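Below is one structure; the comments refer to it alone.
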Amino acid sequence: MQPLVQEESTFVQWLILLFFMISIFMSMFYEKIRFSAGIRQIKMELMKLERLAKNGKELVINAVKEIGKPGFDPSNRILEFLEFFMIEPVDRDPFGIMKKLEHLINLRRDVFRRFLSEVAPNASRDERANLEGALEATIVIDYLFRLVRHYLILSERTKSYILVAQLQLQLPLVMRYAKAYFEALKAFKDGKPIGDGIGVLVATKFVYDLAKDGESRVTFKEIVEDTLVTEVMFEGRKIFVVRAKGPGAFVGKPGDAIVKIIEDCKGKNDISRIIMIDAALKLEGERSGEVAEGVGAAIGGIGVDRFKIEEIATKYGIPLDAIIIKESLEEAISPLKKEIFESVNEVIKRIKRIILQSTKPGDAIILAGIGNAAGIGFMKLSS
Amino acid sequence: MLLMLVVFSVIIYLLLNFVATMQESSISLFMMIFTILIIYLILLPVISQFARMYRVAKMRQIMPSLLSVIKCQDCNYVLVREFLTGDYVFKNVGKCYKCGGNLYIDAIYLTSEKKGKGA
Ligand SMILES: [Zn+2]
């Protein structure tokens, strides 16, 4: 018995020594090991991102060729255009920044449209809007790819473990965004309705539901660029319904439309309430398609429209109601999910309740359905 | 990670000390456990491969599909079909064969129901 134990214990000593060596080695090279493991992981994700960007470009180029039927090969022009940028105005001197921002946004859109009329001369206005949406999504994916590549190369050059760690932490989110924008690209290309269009859908459904009841007829008028307005009567109230033009991927200018309606109605038929419906980002854990009510201008984007609506509402003291439909970023830019679609009736019920509770017959109300109108058209009813 | 390693080596140290004082039969038991552990480690990639295959098969079963819901303006006729390029909500898609009213697309949405059960 005795020799065995003796033998075992030298073996044990060797093992203990080995473990100590390993732990010392690990503590010395811990960062190096983590660094190279991190770099390897980022490279793998970057390859996926590159594939997304490449596929996105191919999809857009093919869509432009197919829909726009240009007489030449637009590939190079499109690849060049992906680098298009807009320099945001200086915000150190905020006076008049909204005017400058609006000017730049209009300019940007004009350049986009001019570019599309060049590479897709045979596309209709709606198709061009869809291509514009697809192009925007491609630009985002391409930018994400270039950004991640930039930080990867930077951290490789500086051998900075901190940079790698930061990039590694951000990467899952970046990949989620990239995949979501890829879905958006496919949706826009085919003109499918997306989650963000739920506001537009609610406003249009509201109009047609009333029209079906025989209370009014529907004609949409384009009072400002890309934005449609119609009037319907509901329980003695006159309701101006504002939405983006469709079924192309338009977002319109709801701010301008609301300002125009209010100014036009001033004196004869003052607007007594503005109700806005929009999709809003949910917090994780909340149910998609959940409806919530509040006050304020429910409209996303860069803020130009919200600024205009808030200003005119304050000027005339018009109450602003907001109804939001909750969805995640991915859901907002990928095809409309059934559970989000099913909130339409709930929202219409709430709109009717707000109108009945807080206005009286004879009042004029604006109902604005905010969002991207991709895949949501409007029809002329026969009766 | 480093802390884990230290704790691990302490555990191993205690374990080996324990083994050193054990009887022969106990040592063979210890070796058996060790062998099982090694076999498990070798089999791990195979097991994870199977798990992935199972997950992919399940994903394929709940492939989401984009549906267009067509309704008649006058009667209660409803038709649900796959989305076709060119479809959009409120598009007129012809006359109802029942009553001659206008057919329009009432909804386009993504379902995640199991295939074959959706439509
Ligand atoms: Zn019918």
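Residues in the structure tokens are named by chain (A, B, ... in the order shown) and by number from 1 within that chain; ligands are numbered from 1 in the order shown.
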Exercise for the section: Excluding Tyr104 (chain B) and any residue of its chain fewer than 4 positions from it, enumerate the residues within 8 Å of it, using only C-alpha atoms, and give them as an NGL selection string. Expected result: :B and (70-73 or 89-94)
Could you please take those selected residues and save N, CA and C atoms as a PDB file, in the first residue's frame?
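Full text of again-v9.pdb as output:
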ATOM      1  N   ILE B  70     -58.228  38.978 -49.061  1.00  0.00           N
ATOM      2  CA  ILE B  70     -59.089  39.657 -50.029  1.00  0.00           C
ATOM      3  C   ILE B  70     -60.528  39.592 -49.542  1.00  0.00           C
ATOM      4  N   LYS B  71     -61.194  40.759 -49.561  1.00  0.00           N
ATOM      5  CA  LYS B  71     -62.572  40.797 -49.092  1.00  0.00           C
ATOM      6  C   LYS B  71     -63.463  41.417 -50.145  1.00  0.00           C
ATOM      7  N   CYS B  72     -64.754  41.103 -50.083  1.00  0.00           N
ATOM      8  CA  CYS B  72     -65.730  41.729 -50.975  1.00  0.00           C
ATOM      9  C   CYS B  72     -66.315  42.927 -50.246  1.00  0.00           C
ATOM     10  N   GLN B  73     -66.554  43.966 -51.022  1.00  0.00           N
ATOM     11  CA  GLN B  73     -67.064  45.193 -50.436  1.00  0.00           C
ATOM     12  C   GLN B  73     -68.527  45.053 -50.012  1.00  0.00           C
ATOM     13  N   VAL B  89     -52.443  46.973 -49.884  1.00  0.00           N
ATOM     14  CA  VAL B  89     -53.698  47.076 -49.143  1.00  0.00           C
ATOM     15  C   VAL B  89     -54.612  48.087 -49.842  1.00  0.00           C
ATOM     16  N   PHE B  90     -55.872  47.768 -49.934  1.00  0.00           N
ATOM     17  CA  PHE B  90     -56.906  48.582 -50.598  1.00  0.00           C
ATOM     18  C   PHE B  90     -56.779  48.572 -52.126  1.00  0.00           C
ATOM     19  N   LYS B  91     -56.096  47.563 -52.668  1.00  0.00           N
ATOM     20  CA  LYS B  91     -56.029  47.436 -54.131  1.00  0.00           C
ATOM     21  C   LYS B  91     -57.297  46.722 -54.605  1.00  0.00           C
ATOM     22  N   ASN B  92     -57.843  47.212 -55.696  1.00  0.00           N
ATOM     23  CA  ASN B  92     -58.987  46.533 -56.296  1.00  0.00           C
ATOM     24  C   ASN B  92     -58.500  45.331 -57.079  1.00  0.00           C
ATOM     25  N   VAL B  93     -59.073  44.157 -56.796  1.00  0.00           N
ATOM     26  CA  VAL B  93     -58.583  42.969 -57.495  1.00  0.00           C
ATOM     27  C   VAL B  93     -59.720  42.258 -58.234  1.00  0.00           C
ATOM     28  N   GLY B  94     -60.656  43.027 -58.770  1.00  0.00           N
ATOM     29  CA  GLY B  94     -61.685  42.418 -59.606  1.00  0.00           C
ATOM     30  C   GLY B  94     -63.039  42.353 -58.934  1.00  0.00           C
TER      31      GLY B  94
END
Can you list every residue of chain A that has an atom at most 7 Å from chain B, with its nearest atom pair and the distance in Å to one decimal, using only C-alpha atoms, ordered by chain then number, as a Markdown table?
| residue | atom | partner | partner_atom | distance |
| --- | --- | --- | --- | --- |
| A:Val5 | CA | B:Ala20 | CA | 5.6 |
| A:Glu8 | CA | B:Ala20 | CA | 5.8 |
| A:Ser9 | CA | B:Ala20 | CA | 6.3 |
| A:Val12 | CA | B:Leu16 | CA | 6.2 |
| A:Ile16 | CA | B:Tyr13 | CA | 6.5 |
| A:Phe19 | CA | B:Ser9 | CA | 6.1 |
| A:Ser23 | CA | B:Leu5 | CA | 6.5 |
| A:Ser27 | CA | B:Leu2 | CA | 6.7 |
| A:Asp190 | CA | B:Thr85 | CA | 5.9 |
| A:Gly191 | CA | B:Gly86 | CA | 6.9 |
| A:Lys192 | CA | B:Tyr88 | CA | 6.9 |
| A:Pro193 | CA | B:Ile108 | CA | 7.0 |
| A:Pro247 | CA | B:Tyr88 | CA | 6.5 |
| A:Pro335 | CA | B:Leu110 | CA | 6.4 |
| A:Leu336 | CA | B:Tyr109 | CA | 5.1 |
| A:Lys337 | CA | B:Leu110 | CA | 4.5 |
| A:Lys338 | CA | B:Tyr109 | CA | 5.2 |
| A:Phe341 | CA | B:Tyr109 | CA | 6.9 |
| A:Gly375 | CA | B:Tyr88 | CA | 4.5 |
| A:Ile376 | CA | B:Val89 | CA | 4.6 |
| A:Gly377 | CA | B:Phe90 | CA | 5.4 |
| A:Phe378 | CA | B:Phe90 | CA | 5.4 |
| A:Met379 | CA | B:Phe90 | CA | 5.8 |
Handout entry: Sel. of alpha helix (DSSP H) residues, region 7-117 of chain B, as a PyMOL selection string
Key = chain B and resi 7-20+24-61
Practice task
Give me the residues within 12 Å of Lys308 (chain A) as a PyMOL selection string, counting only C-alpha atoms and dropping any in the same chain fewer than 6 places off.
Solution key: chain A and resi 98-99+102+253-260+262+297+299+314-315
Problem - All strand (DSSP E) positions in region 29-246 of chain A, as a ChimeraX atom specification - result: /A:221-224,227-234,237-244
